[in-house]
file structure.txt (compact mmCIF, C-alpha atoms)
# COMPACT_ATOMS: atom_id res chain seq x y z
CA MET A 591 49.74 -81.72 -97.38
CA GLY A 592 53.09 -82.65 -95.86
CA LEU A 593 51.25 -83.64 -92.70
CA ILE A 594 49.05 -86.05 -94.68
CA PHE A 595 52.14 -87.51 -96.37
CA GLY A 596 53.49 -88.28 -92.88
CA PHE A 597 50.11 -89.32 -91.43
CA GLN A 598 48.64 -91.70 -93.98
CA PRO A 599 51.40 -94.34 -94.51
CA PRO A 600 51.81 -95.32 -90.81
CA LEU A 601 48.02 -95.32 -90.37
CA ILE A 602 47.58 -97.65 -93.34
CA ALA A 603 50.45 -99.86 -92.20
CA LEU A 604 49.04 -100.29 -88.69
CA VAL A 605 45.49 -100.97 -89.87
CA LEU A 606 46.61 -103.57 -92.41
CA ARG A 607 49.02 -105.29 -90.03
CA ARG A 608 46.22 -105.70 -87.46
CA ALA A 609 44.19 -107.32 -90.23
CA GLY A 610 46.96 -109.88 -90.79
CA VAL A 611 48.28 -108.48 -94.07
CA SER A 612 51.89 -109.40 -94.89
CA ASN A 613 54.72 -106.88 -94.88
CA PHE A 614 54.85 -107.17 -98.66
CA GLY A 615 51.15 -106.33 -98.93
CA VAL A 616 51.53 -103.33 -96.64
CA GLY A 617 54.50 -102.09 -98.63
CA ALA A 618 52.66 -102.54 -101.92
CA VAL A 619 49.68 -100.47 -100.74
CA ILE A 620 51.94 -97.66 -99.46
CA ALA A 621 54.10 -97.67 -102.60
CA ALA A 622 51.06 -97.59 -104.90
CA SER A 623 50.73 -93.81 -104.61
CA LEU A 624 54.34 -93.13 -105.68
CA ILE A 625 54.03 -95.52 -108.60
CA ALA A 626 50.76 -93.83 -109.60
CA VAL A 627 52.48 -90.43 -109.81
CA THR A 628 54.93 -91.77 -112.38
CA VAL A 629 52.04 -93.25 -114.40
CA ALA A 630 49.79 -90.18 -114.23
CA GLY A 631 52.59 -87.63 -114.59
CA PRO A 632 52.38 -87.35 -118.41
CA PHE A 633 48.84 -85.97 -118.05
CA TYR A 634 49.65 -83.25 -115.49
CA PRO A 635 50.86 -80.47 -117.84
CA ALA A 636 47.72 -80.76 -119.98
CA LEU A 637 45.50 -80.69 -116.88
CA MET A 638 47.30 -77.64 -115.48
CA SER A 639 47.03 -75.90 -118.83
CA ARG A 640 43.31 -76.64 -119.05
CA PHE A 641 42.26 -75.86 -115.47
CA GLY A 642 45.05 -73.60 -114.17
CA LEU A 643 47.29 -74.11 -111.15
CA ARG A 644 44.79 -73.06 -108.48
CA ARG A 645 42.01 -75.35 -109.67
CA SER A 646 44.45 -78.22 -110.14
CA VAL A 647 45.60 -77.92 -106.52
CA MET A 648 42.04 -77.69 -105.21
CA ALA A 649 40.71 -80.59 -107.29
CA GLY A 650 43.53 -82.89 -106.19
CA VAL A 651 42.99 -82.08 -102.51
CA CYS A 652 39.20 -82.54 -102.66
CA ILE A 653 39.38 -85.91 -104.41
CA ALA A 654 42.12 -87.16 -102.06
CA ALA A 655 40.08 -86.12 -99.00
CA ALA A 656 37.02 -87.94 -100.33
CA ILE A 657 39.04 -91.11 -100.91
CA LEU A 658 40.48 -90.95 -97.39
CA VAL A 659 36.95 -90.91 -95.95
CA LEU A 660 35.98 -93.91 -98.09
CA MET A 661 38.97 -96.10 -97.18
CA PRO A 662 37.65 -97.53 -93.87
CA LEU A 663 34.43 -98.61 -95.63
CA TRP A 664 36.31 -101.20 -97.72
CA PRO A 665 39.45 -102.27 -95.81
CA GLY A 666 41.76 -104.70 -97.53
CA VAL A 667 44.66 -104.83 -99.94
CA PRO A 668 42.84 -105.05 -103.33
CA VAL A 669 40.57 -102.04 -102.79
CA TRP A 670 43.19 -100.00 -100.96
CA LEU A 671 45.70 -100.57 -103.75
CA VAL A 672 43.26 -98.91 -106.13
CA LEU A 673 42.33 -96.12 -103.73
CA ARG A 674 45.97 -95.36 -102.90
CA ALA A 675 46.79 -95.29 -106.61
CA ILE A 676 44.00 -92.77 -107.26
CA THR A 677 45.15 -90.74 -104.26
CA GLY A 678 48.67 -90.70 -105.66
CA CYS A 679 47.43 -89.50 -109.04
CA VAL A 680 45.40 -86.59 -107.67
CA LEU A 681 47.77 -85.51 -104.89
CA GLY A 682 50.60 -85.72 -107.41
CA LEU A 683 48.75 -83.13 -109.49
CA SER A 684 48.42 -80.85 -106.43
CA TRP A 685 52.08 -81.45 -105.57
CA VAL A 686 53.41 -80.51 -109.01
CA ALA A 687 51.02 -77.58 -109.47
CA SER A 688 52.06 -76.15 -106.09
CA GLU A 689 55.76 -76.28 -106.98
CA VAL A 690 55.18 -74.77 -110.42
CA TRP A 691 53.23 -71.97 -108.75
CA LEU A 692 56.01 -71.31 -106.21
CA ASN A 693 58.71 -71.37 -108.87
CA SER A 694 56.72 -69.00 -111.08
CA VAL A 695 56.20 -66.32 -108.42
CA SER A 696 59.41 -66.57 -106.37
CA GLY A 697 61.67 -64.60 -108.72
CA ALA A 698 65.21 -65.46 -109.72
CA GLN A 699 66.99 -63.74 -106.81
CA ALA A 700 65.06 -65.40 -103.96
CA ARG A 701 64.14 -68.74 -105.53
CA GLY A 702 66.55 -70.78 -103.41
CA THR A 703 65.26 -69.21 -100.19
CA ILE A 704 61.61 -69.64 -101.16
CA MET A 705 62.10 -73.30 -102.05
CA GLY A 706 64.08 -73.76 -98.82
CA ILE A 707 61.14 -72.37 -96.84
CA TYR A 708 58.85 -74.67 -98.82
CA GLY A 709 61.06 -77.63 -97.89
CA THR A 710 61.01 -76.61 -94.22
CA VAL A 711 57.23 -76.26 -94.08
CA PHE A 712 56.59 -79.49 -95.97
CA SER A 713 59.04 -81.44 -93.78
CA THR A 714 57.52 -79.98 -90.61
CA GLY A 715 54.17 -81.34 -91.77
CA MET A 716 55.65 -84.77 -92.47
CA MET A 717 57.18 -84.93 -88.99
CA ALA A 718 53.88 -83.85 -87.45
CA GLY A 719 51.94 -86.61 -89.26
CA PRO A 720 52.88 -89.48 -86.91
CA ALA A 721 52.34 -87.16 -83.94
CA LEU A 722 48.78 -86.50 -85.12
CA LEU A 723 48.16 -90.25 -85.04
CA THR A 724 48.83 -90.27 -81.30
CA PHE A 725 45.77 -88.02 -80.88
CA THR A 726 43.46 -89.60 -83.46
CA GLY A 727 44.31 -93.22 -82.75
CA THR A 728 44.49 -95.81 -85.51
CA ARG A 729 41.18 -97.62 -85.07
CA GLY A 730 37.82 -97.00 -86.67
CA ARG A 731 36.83 -94.25 -89.08
CA ALA A 732 37.86 -91.28 -86.92
CA PRO A 733 41.53 -91.03 -87.98
CA PHE A 734 40.57 -91.20 -91.67
CA ALA A 735 37.90 -88.51 -91.22
CA ILE A 736 40.26 -86.26 -89.26
CA GLY A 737 42.97 -86.72 -91.88
CA ALA A 738 40.50 -85.75 -94.60
CA GLY A 739 39.49 -82.67 -92.60
CA VAL A 740 43.12 -81.59 -92.19
CA LEU A 741 43.63 -82.05 -95.92
CA LEU A 742 40.62 -79.88 -96.71
CA LEU A 743 41.99 -77.15 -94.43
CA THR A 744 44.78 -76.63 -96.97
CA LEU A 745 42.14 -75.17 -99.29
CA LEU A 746 41.36 -72.30 -96.92
CA PRO A 747 44.13 -69.95 -98.18
CA LEU A 748 43.10 -70.64 -101.78
CA ILE A 749 39.46 -69.89 -100.99
CA LEU A 750 40.36 -66.69 -99.15
CA GLN A 751 42.50 -65.64 -102.10
CA GLY A 752 39.35 -65.06 -104.13
CA THR A 753 38.70 -65.63 -107.80
CA VAL A 754 41.63 -65.76 -110.21
CA THR A 755 40.57 -63.89 -113.32
CA SER A 756 43.56 -64.60 -115.56
CA ALA A 757 43.30 -67.31 -118.19
CA PRO A 758 45.08 -70.62 -117.55
CA PRO A 759 48.62 -70.43 -118.94
CA SER A 760 49.73 -72.44 -121.93
CA PHE A 761 52.28 -75.12 -121.08
CA THR A 762 54.71 -77.25 -123.04
CA PRO A 763 53.22 -80.69 -123.82
CA MET A 764 54.55 -83.74 -122.02
CA ARG A 765 55.99 -85.32 -125.17
CA ASN A 766 59.08 -83.18 -124.52
CA PHE A 767 59.94 -84.92 -121.23
CA GLY A 768 63.11 -86.34 -122.78
CA ALA A 769 64.21 -82.82 -123.65
CA ALA A 770 63.67 -81.81 -120.02
CA ILE A 771 66.09 -84.51 -118.87
CA ARG A 772 68.65 -83.54 -121.50
CA ARG A 773 68.36 -79.85 -120.62
CA ALA A 774 69.17 -80.37 -116.94
CA PRO A 775 70.54 -83.89 -116.44
CA ALA A 776 72.30 -83.17 -113.13
CA VAL A 777 69.16 -81.59 -111.67
CA MET A 778 67.08 -84.60 -112.70
CA TRP A 779 69.76 -86.87 -111.24
CA ALA A 780 69.43 -84.90 -107.98
CA ALA A 781 65.72 -85.79 -107.95
CA LEU A 782 66.45 -89.49 -108.43
CA ILE A 783 69.14 -89.56 -105.73
CA ALA A 784 66.94 -87.53 -103.35
CA GLY A 785 64.06 -89.98 -103.69
CA LEU A 786 66.30 -93.05 -103.47
CA VAL A 787 68.33 -91.95 -100.44
CA GLU A 788 65.47 -90.33 -98.49
CA ALA A 789 63.25 -93.41 -98.78
CA ALA A 790 66.10 -95.79 -97.96
CA GLU A 791 67.16 -93.70 -94.95
CA ILE A 792 63.72 -93.29 -93.40
CA THR A 793 62.85 -96.95 -93.96
CA LEU A 794 66.14 -98.67 -93.10
CA LEU A 795 68.07 -96.39 -90.73
CA PRO A 796 66.27 -97.70 -87.59
CA LEU A 797 66.92 -101.28 -88.71
CA PHE A 798 70.58 -100.44 -89.28
CA GLY A 799 70.79 -98.95 -85.78
CA ILE A 800 69.28 -102.05 -84.17
CA GLN A 801 71.63 -104.33 -86.11
CA SER A 802 74.53 -102.18 -84.90
CA GLY A 803 73.63 -102.71 -81.25
CA LEU A 804 71.44 -99.68 -80.46
CA SER A 805 68.22 -99.98 -78.47
CA ASP A 806 64.89 -99.71 -80.31
CA ARG A 807 64.30 -96.23 -78.90
CA THR A 808 67.73 -94.92 -79.89
CA ALA A 809 67.42 -96.49 -83.34
CA LEU A 810 64.13 -94.65 -83.93
CA LEU A 811 65.71 -91.45 -82.62
CA LEU A 812 68.23 -91.65 -85.48
CA VAL A 813 65.43 -90.82 -87.95
CA THR A 814 63.98 -88.09 -85.71
CA VAL A 815 67.30 -86.21 -85.49
CA TYR A 816 67.93 -86.82 -89.17
CA MET A 817 64.55 -85.33 -90.10
CA SER A 818 64.99 -82.38 -87.73
CA GLY A 819 68.06 -81.34 -89.69
CA ASN A 820 65.88 -81.23 -92.77
CA VAL A 821 63.36 -78.97 -91.04
CA VAL A 822 65.91 -76.52 -89.60
CA LEU A 823 68.53 -76.28 -92.34
CA GLN A 824 66.51 -75.98 -95.55
CA THR A 825 65.93 -72.23 -95.33
CA PRO A 826 69.55 -71.31 -94.37
CA ILE A 827 70.83 -73.51 -97.19
CA GLY A 828 68.43 -71.77 -99.59
CA MET A 829 69.63 -68.34 -98.48
CA LEU A 830 73.28 -69.33 -98.93
CA ALA A 831 72.45 -70.81 -102.33
CA ASP A 832 70.85 -67.54 -103.45
CA ARG A 833 73.91 -65.62 -102.33
CA TRP A 834 76.75 -67.88 -103.51
CA GLY A 835 75.21 -69.96 -106.29
CA ARG A 836 72.70 -72.81 -106.22
CA ARG A 837 74.84 -75.30 -108.12
CA LEU A 838 77.77 -74.63 -105.81
CA TRP A 839 75.68 -75.23 -102.72
CA LEU A 840 74.04 -78.29 -104.18
CA ALA A 841 77.57 -79.64 -104.75
CA VAL A 842 78.52 -78.76 -101.14
CA CYS A 843 75.43 -80.58 -99.88
CA ALA A 844 76.27 -83.60 -102.07
CA ALA A 845 79.82 -83.72 -100.67
CA LEU A 846 78.58 -83.54 -97.07
CA SER A 847 75.92 -86.17 -97.75
CA ALA A 848 78.57 -88.45 -99.25
CA ALA A 849 80.72 -88.08 -96.12
CA GLY A 850 77.84 -88.55 -93.65
CA PRO A 851 77.27 -92.30 -94.14
CA LEU A 852 81.00 -93.03 -93.98
CA LEU A 853 81.27 -91.29 -90.60
CA LEU A 854 78.11 -92.79 -89.13
CA LEU A 855 79.48 -96.21 -88.25
CA PRO A 856 82.65 -95.05 -86.42
CA TRP A 857 80.65 -92.34 -84.62
CA LEU A 858 77.54 -94.45 -83.92
CA HIS A 859 78.30 -94.95 -80.21
CA SER A 860 79.62 -91.42 -79.58
CA PRO A 861 76.55 -89.23 -78.95
CA LEU A 862 78.49 -85.94 -79.08
CA LEU A 863 79.49 -86.75 -82.64
CA LEU A 864 76.51 -88.86 -83.77
CA TRP A 865 73.65 -86.41 -83.26
CA PRO A 866 75.28 -83.37 -84.94
CA LEU A 867 76.33 -85.64 -87.81
CA LEU A 868 72.77 -86.85 -88.37
CA PHE A 869 71.39 -83.31 -88.07
CA VAL A 870 73.73 -81.88 -90.72
CA TRP A 871 73.45 -84.95 -92.93
CA GLY A 872 69.65 -84.76 -92.93
CA GLY A 873 69.63 -81.08 -93.80
CA THR A 874 72.11 -81.38 -96.64
CA LEU A 875 70.49 -84.45 -98.13
CA PHE A 876 67.01 -82.94 -98.31
CA ALA A 877 68.50 -79.91 -100.04
CA PHE A 878 68.89 -82.17 -103.08
CA TYR A 879 65.15 -81.77 -103.60
CA SER A 880 64.51 -78.17 -102.54
CA GLN A 881 67.50 -76.69 -104.36
CA GLY A 882 66.94 -79.01 -107.31
CA ILE A 883 63.50 -77.44 -107.70
CA ALA A 884 65.06 -73.97 -107.41
CA LEU A 885 67.57 -74.82 -110.17
CA LEU A 886 64.69 -76.10 -112.27
CA GLY A 887 63.08 -72.66 -112.12
CA GLY A 888 66.24 -71.08 -113.53
CA ALA A 889 66.81 -73.68 -116.24
CA PHE A 890 63.35 -73.61 -117.85
CA ALA A 891 61.01 -70.90 -119.09
CA GLU A 892 57.74 -70.51 -117.18
CA ALA A 893 55.77 -72.21 -119.95
CA GLU A 894 58.08 -75.23 -119.68
CA LEU A 895 57.98 -75.53 -115.90
CA PRO A 896 54.98 -77.91 -115.62
CA THR A 897 56.68 -80.44 -117.90
CA ALA A 898 60.07 -80.03 -116.19
CA ASN A 899 58.58 -80.15 -112.69
CA THR A 900 56.47 -83.18 -113.57
CA VAL A 901 59.54 -85.05 -114.83
CA PHE A 902 61.44 -84.02 -111.67
CA VAL A 903 58.69 -85.40 -109.41
CA MET A 904 58.31 -88.58 -111.49
CA VAL A 905 62.04 -89.27 -111.25
CA TYR A 906 61.96 -88.53 -107.50
CA CYS A 907 59.10 -91.02 -107.03
CA ILE A 908 60.98 -93.68 -109.01
CA GLY A 909 63.90 -93.20 -106.64
CA GLY A 910 61.52 -93.46 -103.68
CA VAL A 911 60.19 -96.81 -104.90
CA VAL A 912 63.63 -98.25 -105.71
CA GLY A 913 65.56 -96.94 -102.68
CA PRO A 914 64.25 -99.19 -99.86
CA SER A 915 64.49 -102.31 -102.04
CA VAL A 916 68.08 -101.64 -103.12
CA GLY A 917 69.04 -100.58 -99.62
CA GLY A 918 67.54 -103.73 -98.12
CA MET A 919 69.35 -105.87 -100.67
CA VAL A 920 72.78 -104.40 -99.93
CA MET A 921 72.09 -104.76 -96.19
CA ASP A 922 71.44 -108.46 -96.74
CA ILE A 923 74.67 -108.83 -98.75
CA TRP A 924 76.87 -106.77 -96.38
CA PRO A 925 74.96 -106.10 -93.13
CA ARG A 926 77.50 -103.84 -91.46
CA HIS A 927 78.66 -101.60 -94.31
CA GLY A 928 76.39 -102.18 -97.31
CA LEU A 929 73.72 -99.54 -96.64
CA MET A 930 76.16 -96.80 -95.69
CA LEU A 931 78.34 -97.43 -98.74
CA MET A 932 75.29 -97.33 -101.02
CA LEU A 933 74.09 -94.02 -99.53
CA SER A 934 77.56 -92.48 -99.79
CA ALA A 935 78.01 -93.66 -103.38
CA ALA A 936 74.59 -92.24 -104.35
CA ALA A 937 75.44 -88.79 -102.97
CA PHE A 938 78.89 -88.89 -104.55
CA SER A 939 77.32 -89.70 -107.93
CA LEU A 940 75.39 -86.41 -107.74
CA LEU A 941 78.62 -84.55 -106.99
CA ALA A 942 80.19 -86.20 -110.04
CA ALA A 943 77.18 -85.35 -112.22
CA LEU A 944 77.37 -81.67 -111.19
CA ALA A 945 81.11 -81.59 -111.93
CA LEU A 946 80.62 -83.14 -115.37
CA GLU A 947 77.79 -80.75 -116.22
CA ALA A 948 79.87 -77.76 -115.08
CA LYS A 949 82.48 -78.51 -117.74
CA GLY A 950 80.07 -77.52 -120.47
CA ARG A 951 78.48 -74.61 -118.61
CA THR A 952 79.57 -71.02 -118.10
CA PRO A 953 79.84 -69.91 -114.45
CA GLY A 954 76.57 -68.73 -112.94
CA ARG A 955 73.56 -69.74 -111.03
call {"tool": "encode", "arguments": {"input": "structure.txt", "output": "C-alpha cells"}}
result
Amino acid sequence: MGLIFGFQPPLIALVLRRAGVSNFGVGAVIAASLIAVTVAGPFYPALMSRFGLRRSVMAGVCIAAAILVLMPLWPGVPVWLVLRAITGCVLGLSWVASEVWLNSVSGAQARGTIMGIYGTVFSTGMMAGPALLTFTGTRGRAPFAIGAGVLLLTLLPLILQGTVTSAPPSFTPMRNFGAAIRRAPAVMWAALIAGLVEAAEITLLPLFGIQSGLSDRTALLLVTVYMSGNVVLQTPIGMLADRWGRRLWLAVCAALSAAGPLLLLPWLHSPLLLWPLLFVWGGTLFAFYSQGIALLGGAFAEAELPTANTVFVMVYCIGGVVGPSVGGMVMDIWPRHGLMLMLSAAAFSLLAALALEAKGRTPGR
C-alpha cells in the first residue's frame, strides 16, 4: 500500500499536466484523497466493528484497485476528483484498520519496534512508487492496471491466513473523538505536526534547494536522502523507544527535527555535513508518526483504538493538506529563511507539548 501511495500521485500529476490541467487542478485532485479521509473518518470505527479488521482491509483494497482501473476511462479533473475522494475513503479504512491490527497484536513491550518496522516497510514502498513508474510508463491504461494489480497483491497474505472465526470486536463509537484528543493531546499534536512537516518537506524542499543555488538534480536528491533516513532509522528508533521510553525518544526526535532546519542553510553547500544532516533529520521526523502510533496503543484500551487511531490519521491528513500551503506562503514572504523557520518551529512545538503533558503525568512509557 505504501508503494501505491508513492506511485499514484506522480502518475496522476503527469497525466493531468499533459492534458493541460493547471497546477491548482493537479493539486486539488491529489489532495482530494487526504481530505476524504478526514470526512469519512467518523464512519471507520462502526465499519470495523461491523465487518472486522481483516474484511475492512480487504474491502478497502479491492474497491481502490477497481477505481484505479477505471480512472483512465474518464480522464479529467471533475471525475478524478470524485474517484480520488472515493479512493481516499476506502484506502483510509484499510490504513486505519491495519494500524489498529498492528497495535492490538504487538504487545506493550515491543510496540515501538513493531511500529518502527511498519514505518520502515511503508516508507520503502513509498520510495519505490516513483521507481515503479519508470518501468510502467505514464501513458495509456497500463500503469493504472499495473498499479491495481500491485494493490491486489497486498491481499495475498490475508487470503493465505485463512478464515478468521472470531466475532468482530466491539469498538468505541466515534462520538468520543473529542475525548481521544483530550486523553492524549501531545500524541495527537505529533500527528498534526508529522503530516504538516512531511508534506511541506517533500513538496517544497526541492524548490528551496533550487532557490538556494543548487542544481535541479541536487535539489531532488535532498528529498531522496531525507526519505532514506526515514527508511533506515525507524526500526532502530523504535527499539530505543521500547528500551528507554517512547515519550522520551519522541522528545529526542522532536529536538533533533527542530535543529535540522536551522542547520540546513549554513550546511547546504557542504556535502560532508549536508547529507548526514538530511538523513538523521528525515529519520527523526518520521518517527513522529510511527512512535505516535505506538504511544496511542499504550494510552487507549483495545476497544478504544479504532476511534483513537482514526482521530490520529484524520489529524495527520489535515496536517498534510495544510503543510504545503503554509510552507509555500512563508517561502513567498521570506524566501531564504521562511520555510526552515516554520519547520523548526513546528517540531519545537511538539517538544513543548510533550514537556507540558509530562508535568501532569507520572514517569513511564
call {"tool": "closest_residue", "arguments": {"input": "structure.txt", "among": "A:Leu830, A:Leu812, A:Leu852, A:Leu886", "to": "Val903 in chain A", "atoms": "all atoms listed in the file"}}
result
A:Leu886
call {"tool": "atom_distance", "arguments": {"input": "structure.txt", "atom1": "CA of Ile792 in chain A", "atom2": "CA of Leu862 in chain A"}}
result
21.8 Å
call {"tool": "closest_residue", "arguments": {"input": "structure.txt", "among": "A:Thr814, A:Phe595, A:Gly850, A:Trp691", "to": "Gly642 in chain A", "atoms": "all atoms listed in the file"}}
result
A:Trp691
call {"tool": "closest_residue", "arguments": {"input": "structure.txt", "among": "A:Val912, A:Ser818, A:Gly828, A:Ala790", "to": "Phe869 in chain A", "atoms": "all atoms listed in the file"}}
result
A:Ser818
call {"tool": "residues_around", "arguments": {"input": "structure.txt", "residues": "range 767-781 of chain A", "least_positions_apart": "5", "cutoff": "6 Å", "atoms": "only C-alpha atoms", "output": "ChimeraX atom specification"}}
result
/A:878-879,882,898,902,906,943-944
call {"tool": "closest_residue", "arguments": {"input": "structure.txt", "among": "A:Val647, A:Ile923, A:Val815, A:Ala654", "to": "Trp871 in chain A", "atoms": "only C-alpha atoms"}}
result
A:Val815
call {"tool": "residues_near_point", "arguments": {"input": "structure.txt", "point": "(63.3, -69.2, -91.6)", "cutoff": "12 Å", "atoms": "only C-alpha atoms", "output": "PDB file with C-alpha atoms, in the coordinates of the input"}}
result
ATOM      1  CA  THR A 703      65.260 -69.210-100.190  1.00  0.00           C
ATOM      2  CA  ILE A 704      61.610 -69.640-101.160  1.00  0.00           C
ATOM      3  CA  MET A 705      62.100 -73.300-102.050  1.00  0.00           C
ATOM      4  CA  GLY A 706      64.080 -73.760 -98.820  1.00  0.00           C
ATOM      5  CA  ILE A 707      61.140 -72.370 -96.840  1.00  0.00           C
ATOM      6  CA  TYR A 708      58.850 -74.670 -98.820  1.00  0.00           C
ATOM      7  CA  GLY A 709      61.060 -77.630 -97.890  1.00  0.00           C
ATOM      8  CA  THR A 710      61.010 -76.610 -94.220  1.00  0.00           C
ATOM      9  CA  VAL A 711      57.230 -76.260 -94.080  1.00  0.00           C
ATOM     10  CA  VAL A 821      63.360 -78.970 -91.040  1.00  0.00           C
ATOM     11  CA  VAL A 822      65.910 -76.520 -89.600  1.00  0.00           C
ATOM     12  CA  LEU A 823      68.530 -76.280 -92.340  1.00  0.00           C
ATOM     13  CA  GLN A 824      66.510 -75.980 -95.550  1.00  0.00           C
ATOM     14  CA  THR A 825      65.930 -72.230 -95.330  1.00  0.00           C
ATOM     15  CA  PRO A 826      69.550 -71.310 -94.370  1.00  0.00           C
ATOM     16  CA  ILE A 827      70.830 -73.510 -97.190  1.00  0.00           C
ATOM     17  CA  GLY A 828      68.430 -71.770 -99.590  1.00  0.00           C
ATOM     18  CA  MET A 829      69.630 -68.340 -98.480  1.00  0.00           C
TER      19      MET A 829
END
call {"tool": "atom_distance", "arguments": {"input": "structure.txt", "atom1": "CA of Pro665 in chain A", "atom2": "CA of Arg729 in chain A"}}
result
11.8 Å
call {"tool": "atom_distance", "arguments": {"input": "structure.txt", "atom1": "CA of Asn820 in chain A", "atom2": "CA of Ile676 in chain A"}}
result
28.7 Å
call {"tool": "residues_around", "arguments": {"input": "structure.txt", "residues": "Gly730 in chain A", "least_positions_apart": "2", "cutoff": "12 Å", "atoms": "only C-alpha atoms", "output": "list in words"}}
result
Leu601, Ile602, Leu604, Val605, Val659, Leu660, Met661, Pro662, Leu663, Trp664, Pro665, Thr726, Gly727, Thr728, Ala732, Pro733, Phe734, Ala735 and Ile736 of chain A
call {"tool": "residues_around", "arguments": {"input": "structure.txt", "residues": "Leu931 in chain A", "least_positions_apart": "3", "cutoff": "8 Å", "atoms": "all atoms listed in the file", "output": "PyMOL selection string"}}
result
chain A and resi 851-852+927-928+934-935
call {"tool": "residues_near_point", "arguments": {"input": "structure.txt", "point": "(77.3, -90.9, -97.0)", "cutoff": "12 Å", "atoms": "all atoms listed in the file", "output": "mmCIF file with C-alpha atoms, in the frame of the given file"}}
result
data_model
loop_
_atom_site.group_PDB
_atom_site.id
_atom_site.type_symbol
_atom_site.label_atom_id
_atom_site.label_comp_id
_atom_site.auth_asym_id
_atom_site.auth_seq_id
_atom_site.Cartn_x
_atom_site.Cartn_y
_atom_site.Cartn_z
ATOM 1 C CA VAL A 787 68.330 -91.950 -100.440
ATOM 2 C CA GLU A 788 65.470 -90.330 -98.490
ATOM 3 C CA GLU A 791 67.160 -93.700 -94.950
ATOM 4 C CA CYS A 843 75.430 -80.580 -99.880
ATOM 5 C CA ALA A 844 76.270 -83.600 -102.070
ATOM 6 C CA ALA A 845 79.820 -83.720 -100.670
ATOM 7 C CA LEU A 846 78.580 -83.540 -97.070
ATOM 8 C CA SER A 847 75.920 -86.170 -97.750
ATOM 9 C CA ALA A 848 78.570 -88.450 -99.250
ATOM 10 C CA ALA A 849 80.720 -88.080 -96.120
ATOM 11 C CA GLY A 850 77.840 -88.550 -93.650
ATOM 12 C CA PRO A 851 77.270 -92.300 -94.140
ATOM 13 C CA LEU A 852 81.000 -93.030 -93.980
ATOM 14 C CA LEU A 853 81.270 -91.290 -90.600
ATOM 15 C CA LEU A 854 78.110 -92.790 -89.130
ATOM 16 C CA LEU A 855 79.480 -96.210 -88.250
ATOM 17 C CA LEU A 867 76.330 -85.640 -87.810
ATOM 18 C CA LEU A 868 72.770 -86.850 -88.370
ATOM 19 C CA VAL A 870 73.730 -81.880 -90.720
ATOM 20 C CA TRP A 871 73.450 -84.950 -92.930
ATOM 21 C CA GLY A 872 69.650 -84.760 -92.930
ATOM 22 C CA THR A 874 72.110 -81.380 -96.640
ATOM 23 C CA LEU A 875 70.490 -84.450 -98.130
ATOM 24 C CA HIS A 927 78.660 -101.600 -94.310
ATOM 25 C CA GLY A 928 76.390 -102.180 -97.310
ATOM 26 C CA LEU A 929 73.720 -99.540 -96.640
ATOM 27 C CA MET A 930 76.160 -96.800 -95.690
ATOM 28 C CA LEU A 931 78.340 -97.430 -98.740
ATOM 29 C CA MET A 932 75.290 -97.330 -101.020
ATOM 30 C CA LEU A 933 74.090 -94.020 -99.530
ATOM 31 C CA SER A 934 77.560 -92.480 -99.790
ATOM 32 C CA ALA A 935 78.010 -93.660 -103.380
ATOM 33 C CA ALA A 936 74.590 -92.240 -104.350
ATOM 34 C CA ALA A 937 75.440 -88.790 -102.970
ATOM 35 C CA PHE A 938 78.890 -88.890 -104.550
ATOM 36 C CA SER A 939 77.320 -89.700 -107.930
ATOM 37 C CA LEU A 940 75.390 -86.410 -107.740
ATOM 38 C CA LEU A 941 78.620 -84.550 -106.990
#
call {"tool": "closest_residue", "arguments": {"input": "structure.txt", "among": "A:His859, A:Trp865, A:Leu782, A:Arg836", "to": "Ser805 in chain A", "atoms": "only C-alpha atoms"}}
result
A:His859
call {"tool": "closest_residue", "arguments": {"input": "structure.txt", "among": "A:Leu671, A:Leu624, A:Cys907, A:Ala656", "to": "Gly785 in chain A", "atoms": "only C-alpha atoms"}}
result
A:Cys907
call {"tool": "decode", "arguments": {"input": "structure.txt", "residues": "range 691-700 of chain A", "atoms": "N, CA and C atoms", "output": "compact mmCIF listing (two decimals), in the first residue's frame"}}
result
# COMPACT_ATOMS: atom_id res chain seq x y z
N TRP A 691 -4.86 -3.14 13.93
CA TRP A 691 -4.49 -4.55 13.99
C TRP A 691 -3.07 -4.70 14.54
N LEU A 692 -2.13 -3.93 13.99
CA LEU A 692 -0.74 -4.00 14.46
C LEU A 692 -0.63 -3.61 15.94
N ASN A 693 -1.31 -2.55 16.32
CA ASN A 693 -1.24 -2.11 17.71
C ASN A 693 -1.85 -3.14 18.65
N SER A 694 -2.87 -3.84 18.19
CA SER A 694 -3.56 -4.81 19.03
C SER A 694 -2.71 -6.05 19.29
N VAL A 695 -1.90 -6.46 18.31
CA VAL A 695 -1.17 -7.72 18.44
C VAL A 695 0.30 -7.53 18.81
N SER A 696 0.79 -6.29 18.82
CA SER A 696 2.24 -6.10 19.01
C SER A 696 2.67 -6.31 20.46
N GLY A 697 1.81 -6.04 21.42
CA GLY A 697 2.20 -6.18 22.82
C GLY A 697 2.91 -4.94 23.32
N ALA A 698 2.78 -4.67 24.60
CA ALA A 698 3.29 -3.42 25.17
C ALA A 698 4.80 -3.31 25.07
N GLN A 699 5.53 -4.42 25.26
CA GLN A 699 6.99 -4.34 25.34
C GLN A 699 7.65 -4.06 23.99
N ALA A 700 7.05 -4.53 22.90
CA ALA A 700 7.68 -4.41 21.58
C ALA A 700 6.94 -3.45 20.66
